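Q: Take this structure, written in structure tokens, and hold onto it; I'll ask about it next.
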Amino acid sequence: MSTDKEKIFYTITDEGPYLATHSLLPIIEAFTKAAGVNVETKDISLAGRILANFPDYLKEDQEVSDALTELGELAKKPEANIIKLPNISASVPQLVAAVKELQKKGYDLPDYPEEPETEEEQKIHDRYGIAMGSAVNPVLREGNSDRRAPKPVKEYARKNPHSMGEWSSDSKTHVATMGHDDFASTEKSVTVDNADDVRIEFVDENGEVQVLKESTQLLPGEVIDTGAMSKDALVKFLEEQVEDAKEKDVLFSLHMKATMMKVSDPIIFGHAVRVYFKDVFEKHGETLKELGVDPNNGFGDLESKIEELPEDKKAEIKADIQKCYEEGPDLAMVNSYKGITNLHVPSDVIIDASMPAMIRTSGQMWNKDDETQDTKAVIPESSYAGIYQEVIDFCKENGAFDPTTMGSVPNVGLMAKKAEEYGSHDKTFEIPGKGKVRVVNKAGDTVTEHDVEQGDIWRMCQTKDAPIKDWVGLAVRRARETGDPAVFWLDEDRAHDAELIKKVNQYLPEFDTEGLDIQIMSPVKAMRFSLERIKDGKDTISVTGNVLRDYLTDLFPILEVGTSAKMLSIVPLMNGGGLFETGAGGSAPKHIQQFLDEGHLRWDSLGEFLALAVSLEHLGKTFDNERALVLSEALDEANTEYLQNDKSPSRKVNEHDNRGSHFYLAMYWAKALANQTKDAELAEHFKAVAEKLEANEDQINKELIDAQGSPQDIEGYYWPNRELVFDKMRPSKTLNEIIENV
Ligand SMILES: NC(=O)C1=CN([C@@H]2O[C@H](COP(=O)(O)OP(=O)(O)OC[C@H]3O[C@@H](n4cnc5c(N)ncnc54)[C@H](OP(=O)(O)O)[C@@H]3O)[C@@H](O)[C@H]2O)C=CC1
Ligand SMILES: O=C(O)CCC(=O)C(=O)O
Ligand SMILES: [Mg+2]
């Protein structure tokens, strides 16, 4: 019998995964019901989160529950079993668009005040801030991460290699990074012995103290890091790179994580926009200011706001923009047909996905003529930029990787309790003037101090001790389970890493490491070591901090298996529960676009299938639910069959798409359940289902393909009409009937 605890929580999110869920979820619900497992949905979409934050602006029947907070609480409990699909981590332009859509639909939300002037506006601004950027993952990730390509996925890729662009040894592609006056190079790191409470303050040249953050609680053994990126050094660096890209005739391309690093990176992005379009900002500064143009939101903000100007003024600015394009280096394009450049929207080019895509495309990006070209990948902060240069150098020396023979680099990532950079948002500040930023403890002692200038970005990161120990333990466990070497990517010459190395060395002896190969190397050396091995078909576990976790779990899957959507992404929660992320990629905005244009959804739900199998396994083991285990084993078999029969969606309209892939999953799952011998009742039950699905294969495929080929209207992007979405995502009457009768 099911109890309330024997429940899987399944998230409703955005874009590609949102659409896919409307087709897949009815199948999952029908199958799990048979095992007495309940599936409950939780809406953590961007629009849902916005609504949850503004109940006082809504009519009673418009209010939604705060699903994210509820899930965040659940994640701390041992019974937690959450399947988390990717969601939008919104940049300002996305947030503004979502608010507009909701307002149009009759939700009386306040406008997002981009530059709050009154206290009231500031409050609204801060409330929207809760839904902005990477607002979901850090809340749910109450554990460290274990991401890897499952065996059948790897085998599939070896037999059906994805395309890999050739690499030439004279490629001009390279990474440009600051390496001085940035966060890594100015980093100061301290491990506190005792619990403390620190204050962050700015002291100006006259000794006036301004408190930036009154209180940050620290636990015993916690590591804190502080560092500053100099605005002057950044601008100078960007100017040099623009010039150098022009000289070398390569594309200028900026790669950062303005969504996840939602405070620091939009500021850096804004400087890049100002530098590239320097003449426009110098000549028309006043006008742009009056229009409220904010380059931190990308050049697109300027382009759309100048539309409000009288024709002659607009034409003048447009001519000056054109001059910047002509005189500057070519920009990497996001969409050359629509003229959308790398500098248009900060959420269009996100480093974890964008750098691997470039590396897979011979180190090239798209230029304005829709051709690929060598590129200068500008990654201002130097903390991790070196790893990408190392991959580029490796490809220049050895040519592209061969997916048919290459090994694998799974990851064990430190991320629990908002570890490291990804927890720094509320401790990141754009500095108001010349002076010092210092961190002062309860006793009144200065813990760290930095000299700063106006416009510098200062930040503090925290990493708690318990997650570090858990992470070391997880690394040892994975090394034991696989027999593969595990490498901690830590640089003894970097302040934070030096503190972590001490802890790794302290905790390793507490685990059984007998016979295991566990090493510590700087990220660049670890990259070289792993690349040499991967080329020879060998596997190497990367054990990294939070940012490298993010970068590597897109990079290696994209090189190895063509996409990070096919990753197994497990987060063993520190209090015993399980968070199962679906793949390691995002919500694939291009996919919803294609669906709206031509009714084809190329989203591959393999990540969901894999997550569901481990979620059921976890539930079965936690609650001694044998049936859940049978479902899980059968789903594993179905997943293998799905891969072997190549049932992933095609990319082209009028061919098998996401909905068709769900049909095959259901058929293989039902077949595997019918064929298993552990639970005769379940076998009997699913025998009939499998037979019906098999008998109707052609008819179902026909109905699913017939639904494609025309524009789709789901009455919205961020908050579509769900009835309509169900309708469009379940166009096969035959399939629906069979599923309803499971
Ligand atoms: N865990 C999370 O919640 C995450 C959320 N995000 C968010 O996702 C959004 C998009 O981010 P972006 O950087 O574009 O990265 P994505 O991973 O969403 O997209 C990059 C490309 O990867 C491919 N891809 C990703 N998932 C799938 C899938 N299931 N099936 C097939 N192909 C897939 C697509 O390639 P192709 O176009 O060739 O088909 C897609 O265009 C942003 O809002 C970002 O903040 C990003 C990462 C993780
Ligand atoms: O939370 C986000 O914005 C992105 C998360 C991500 O890219 C990842 O965890 O791999
Ligand atoms: Mg990522």
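In the structure tokens, chains take letters A, B, ... by order of appearance, with residues numbered from 1 within each chain and ligands from 1 in the order shown.
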Residues within 8 Å of ligand 1, counting only C-alpha atoms and all ligand atoms: report them as a PyMOL selection string.

A: chain A and resi 16-17+84-91+133-134+136-137+259-260+347-354+554+563-566+581-591+602-607+651

Q: Could you write those residues out with C-alpha atoms, as a short mmCIF file (atom, residue, chain, number, x, y, z; two decimals), in the first residue's frame?

A:
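Contents of the output file selection-v8.cif:
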data_model
loop_
_atom_site.label_atom_id
_atom_site.label_comp_id
_atom_site.auth_asym_id
_atom_site.auth_seq_id
_atom_site.Cartn_x
_atom_site.Cartn_y
_atom_site.Cartn_z
CA GLY A 16 11.43 22.04 -23.80
CA PRO A 17 11.00 19.97 -20.62
CA LYS A 84 13.89 17.82 -11.17
CA LEU A 85 13.69 18.92 -14.77
CA PRO A 86 15.66 21.91 -16.06
CA ASN A 87 14.06 25.29 -15.58
CA ILE A 88 14.75 28.78 -16.88
CA SER A 89 17.23 30.69 -14.76
CA ALA A 90 15.97 34.05 -15.85
CA SER A 91 17.98 37.02 -17.01
CA GLY A 133 18.71 33.90 -12.09
CA SER A 134 19.46 30.46 -10.82
CA VAL A 136 15.79 26.88 -8.12
CA ASN A 137 18.81 24.61 -8.20
CA THR A 259 22.12 33.43 -15.20
CA MET A 260 23.77 31.47 -12.43
CA SER A 347 21.14 34.41 -21.17
CA ASP A 348 21.62 33.45 -24.82
CA VAL A 349 25.21 32.31 -24.45
CA ILE A 350 25.86 30.38 -21.27
CA ILE A 351 29.38 29.12 -20.86
CA ASP A 352 28.71 25.53 -19.78
CA ALA A 353 26.83 24.76 -23.00
CA SER A 354 28.39 27.35 -25.32
CA ASP A 554 28.19 19.73 -20.17
CA THR A 563 24.55 16.04 -25.57
CA SER A 564 24.34 16.43 -21.82
CA ALA A 565 20.64 15.50 -22.02
CA LYS A 566 21.59 11.83 -21.77
CA GLU A 581 17.98 15.70 -12.12
CA THR A 582 17.11 14.91 -15.69
CA GLY A 583 20.29 15.15 -17.71
CA ALA A 584 22.77 17.92 -17.15
CA GLY A 585 21.54 20.45 -19.69
CA GLY A 586 19.01 23.22 -19.64
CA SER A 587 15.51 23.88 -20.93
CA ALA A 588 16.52 24.19 -24.58
CA PRO A 589 14.79 27.40 -25.71
CA LYS A 590 15.45 26.55 -29.37
CA HIS A 591 13.26 23.49 -29.02
CA ARG A 602 13.11 17.51 -30.74
CA TRP A 603 13.59 17.39 -26.94
CA ASP A 604 15.00 14.03 -25.90
CA SER A 605 13.49 12.84 -22.61
CA LEU A 606 16.13 10.20 -22.01
CA GLY A 607 17.31 12.25 -19.02
CA ARG A 651 15.60 16.95 -35.35
#

Q: Could you give me, as a list of chain:residue names, the residues within 8 Å of A:Ser185, counting only C-alpha atoms and dropping anything in the same chain fewer than 5 positions from it?

A: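 My list of contacting residues is A:Gly179, A:His180, A:Gly227, A:Ser382, A:Arg494.
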
Q: For ligand 2, which residue out of A:Asn736, A:Ser542, A:Asn645, A:Thr553 is the nearest one, using only C-alpha atoms and all ligand atoms?

A: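 Checking each candidate against ligand 2, we get A:Thr553 as the closest.
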
Q: Please list as an MDAnalysis selection string every residue within 10 Å of A:Gly339, counting only C-alpha atoms and excluding residues in the same chain fewer than 6 positions away.

A: chainID A and resid 333 368:369

Q: Given the choices A:Phe488, A:Phe580, A:Phe726, A:Tyr507, which gets closest to ligand 2 if the distance is worked out from only C-alpha atoms and all ligand atoms?

A: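 Using only C-alpha atoms and all ligand atoms, ligand 2 sits closest to A:Phe580.
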
Q: So that I can see what lies close to stretch 100-106 of chain A, please list as a list in words the residues with an atom at most 10 Å from it, counting only C-alpha atoms and leaving out residues fewer than 4 positions away in the same chain.

A: Ala47, Gly48, Ile50, Leu51, Leu58, Lys59, Gln62, Gln94, Leu95, Val96, Pro110, Asp111, Tyr112, Glu715, Gly716, Tyr717, Tyr718, Trp719 and Pro720 of chain A

Q: Which residues are close to stretch 194-205 of chain A, i.e. within 10 Å by only C-alpha atoms, leaving aside same-chain residues fewer than 2 positions away? Reply as number ranges by chain.

A: A: 191-192, 207-222, 427, 429, 431-453, 459-460

Q: So how many Å separate atom CA of A:Glu70 and atom CA of A:Leu25, to one decimal?

A: 20.7 Å

Q: Give me every alpha helix (DSSP H) residue in stretch 228-366 of chain A, going by DSSP on the backbone, as a PyMOL selection string.

A: chain A and resi 231-248+264-276+278-291+299-305+311-327+351-360
